[in-house]
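Q: This structure is in structure tokens; I'll ask about it shortly.
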Amino acid sequence: MKASAQAVVRTRSLLGLLLALAVAALVVGSTGAPTATASTSDTSVSAIGQALRKSPVYVDPAAAAQLSAKDADALADRITKADKPLFVAVLPADYPKQDLFTKLRTATGITGLYAVRLGDAFDARADASVLPRAAVRNLVTTVEGEDTRAQLTDFTAAAVTNMGGSAPSTWGISDDGGGVSSTSLITVGAVLVAAGAGAYTLVRRNRRRHAEEQRAALEKLRVVVDEDITAFGEELDRLDFHPAEAGADDAMRADYERALDAYEQAKSFMGAATRPEDVRAVTRALEDGRFSLAQLAARREGRELPERRVPCFFDPRHGPSVTDATWTPPGGAPREVPVCAADATRLADGRDPVMREVDTDRGRRPYWDAGPAYGPWAGGYFGGGLLPGLLVGTVLGSMMATPAYAADYGSGYGDFGGYEGGDLSGSDFSSGDFGDFGGGGDFGGGGDFGGGGDFGGGGF
């Protein structure tokens, strides 16, 4: 019964996709595909906002030399096909800078990620529901120093694989009132009926193979999770804490009980896991347990209680992180990652951190360079919007940002799913997401762009 229900859900999903594609084809045929917009007269923020409501790319006439119409159209086409709420504006260097992002976001009225090339400078801002600040910062840093075409192309390629949300419904809608003929609708209906039958057959054929792949992924992941559970159990043994020992108080006993409960929960959750996404509950329990042990250790030693932080990025078994440090993965861009004290020292000394490696078909690799099943594992440890910024440019980060990943492994691993980007929210948004703090919101003076420094670099 459960398998049949899953087949029906998948069939409906395929039919929905076919319907969306068919309708999109009709809309394109009647209104034309979204193209880059270049105003010929009015370059107010309001005019730019209206242009971006119709197309993802705007090139100001005074900045036309920076990006050709052909390249702008290609960029707009790429964003549209990715179905992401990414807005790109190319403006002259002397364009008014103050509160530019906030004004642009207000004028557009759409939840999304906004990137602006201003002369030779570049920066971006996003609604937190679409992409966290750390992720935006890392994406901007990755493309620093590139020329306009390369910078916008590279930024777009990285952004659409890491951001959430969908393209706004206003893109591609013209003002000519064009409609769709009844003949076209009848033709589409006939195609959908035939496609539905084929889709159901395809689902039935692939269902068993998909289930086998899920089981294999879970078994591979089970090895790593069991190592985590064992390591936490060993920490409990080494603790040598007795609730009745001299000096123990109720707070210490509560910490200890929470740690024990987390250990038992982790074992129970893993024992009941049937899919890779079930592992997220296991690692979340272990993360809670390790923080309880950190609190207990501080109470016993008379130290200040630790701040609640996520685990060490390089290996969650190292325990809660104590600071953030800059780290550059091989072939990637620098990013801030949470680290334990030992790894912070290693990085400061120019040494490599101690990374968590797992078995892959290519041998031992860091978990972020392994298979897609490690997404739920990492999501339990680093939930709450951190993963996009931490994993940008990695194999796992790219996998987790795709719709196919959400279909196979679920969504919501560190805010990779459940976005509302592309919604028409008008001026109802958090201005803090757009850098309007400190220095009066000046573009180059510590506010709207650069967040405390020069325009560019994605600083906050």
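Residues in the structure tokens are numbered from 1 in each chain, the chains being A, B, ... in the order shown, and ligands are numbered from 1 in the order shown.
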Compile the contact shell of Arg149 of chain A as a PyMOL selection string: residues with an atom at most 10 Å away, counting only C-alpha atoms, same-chain residues fewer than 4 positions apart removed.
A: chain A and resi 66-68+71-72+75+153-155
Q: Using the selection just defined, write its residues with C-alpha atoms as a PDB file, in the first residue's frame.
A:
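The new file result11.pdb reads:
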ATOM      1  CA  GLN A  66      30.054  46.676 -19.473  1.00  0.00           C
ATOM      2  CA  LEU A  67      27.706  43.926 -20.681  1.00  0.00           C
ATOM      3  CA  SER A  68      26.539  43.445 -24.256  1.00  0.00           C
ATOM      4  CA  ASP A  71      25.501  38.488 -22.951  1.00  0.00           C
ATOM      5  CA  ALA A  72      22.706  40.069 -20.918  1.00  0.00           C
ATOM      6  CA  LEU A  75      22.425  35.599 -18.498  1.00  0.00           C
ATOM      7  CA  THR A 153      28.227  34.480 -15.189  1.00  0.00           C
ATOM      8  CA  ASP A 154      30.226  32.802 -12.417  1.00  0.00           C
ATOM      9  CA  PHE A 155      28.133  34.373  -9.677  1.00  0.00           C
TER      10      PHE A 155
END
Q: Pick out each residue of segment 126-359 of chain A that DSSP on the backbone tags as alpha helix (DSSP H); I need them as a ChimeraX atom specification.
A: /A:133-142,148-160,182-239,250-272,279-301,341-348
Q: Where in segment 249-403 of chain A does DSSP assign strand (DSSP E or B), given as a list in words?
A: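 The strand (DSSP E or B) residues within segment 249-403 of chain A come out as Pro311, Pro320, Thr323, Asp324, Ala325, Thr326, Trp327, Arg335, Glu336, Val337, Pro338, Val339, Glu357, Val358, Asp359, Thr360, Gly363, Arg364, Arg365 and Pro366 of chain A.
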Q: At a cut-off of 9 Å, using only C-alpha atoms, what residues contact Arg284 of chain A? Leave out same-chain residues fewer than 5 positions from it and give the result as a PyMOL selection string.
A: chain A and resi 262+266+279+289+377+379-383
Q: What's around segment 106-119 of chain A at 9 Å? Count only C-alpha atoms, leave out sequence neighbours fewer than 4 positions away in its own chain, and write the answer as a PyMOL selection string.
A: chain A and resi 45-53+63+66+84-95+97+101-102+123-131+136+148+152+155+159+163-168+420-429+455
Q: Just to confirm, what's the straight-line distance from atom CA of Lys70 of chain A to atom CA of Glu146 of chain A in Å (one decimal)?
A: 18.9 Å
Q: Quick one: which segment 219-286 of chain A residues come within 10 Å of segment 348-370 of chain A, and what is the nearest atom pair for each with the distance in Å to one decimal, counting only C-alpha atoms, rows ordered by chain and ascending number, as CSV?
A:
residue,atom,partner,partner_atom,distance
A:Lys220,CA,A:Asp359,CA,8.4
A:Leu221,CA,A:Val358,CA,9.1
A:Val223,CA,A:Val358,CA,9.1
A:Val224,CA,A:Val358,CA,7.2
Q: Of the candidates A:Asp250, A:Asp255, A:Asp240, A:Asp226, which one gets nearest to Lys267 of chain A if we count only C-alpha atoms?
A: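 Of A:Asp250, A:Asp255, A:Asp240, A:Asp226, the one nearest Lys267 of chain A, counting only C-alpha atoms, is A:Asp226.
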Q: Select, from A:Ala333, A:Leu293, A:Val310, A:Leu305, the residue with the minimum atom-to-atom distance to Ala254 of chain A, counting only C-alpha atoms.
A: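 Residue with the minimum atom-to-atom distance to Ala254 of chain A: A:Leu293.
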Q: Which residues come within 8 Å of Trp327 of chain A, counting only C-alpha atoms, excluding same-chain residues fewer than 3 positions away, as a list in words?
A: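 Contacts, with the query itself left out: Pro334, Arg335, Glu336, Val337 and Leu347 of chain A.
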Q: Excluding Arg215 of chain A and residues on its chain fewer than 2 positions from it, collect all residues at most 12 Å away from it, counting only C-alpha atoms, and give them as number ranges by chain.
A: A: 208-213, 217-222, 273-278, 373, 408-409
Q: Between atom CA of Ala285 of chain A and atom CA of Cys340 of chain A, what distance in Å does the model show, to one decimal?
A: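 About the pair atom CA of Ala285 of chain A and atom CA of Cys340 of chain A: they are 19.1 Å apart.
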Q: What does the structure give for the distance between atom CA of Asn162 of chain A and atom CA of Ala378 of chain A, in Å to one decimal?
A: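 Answer for the atom CA of Asn162 of chain A to atom CA of Ala378 of chain A separation: 15.6 Å.
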Q: Pick out the closest residue to Leu104 of chain A from this set: A:Ser44, A:Thr323, A:Pro56, A:Thr161. Count only C-alpha atoms.
A: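 Closest to Leu104 of chain A, using only C-alpha atoms: A:Ser44.
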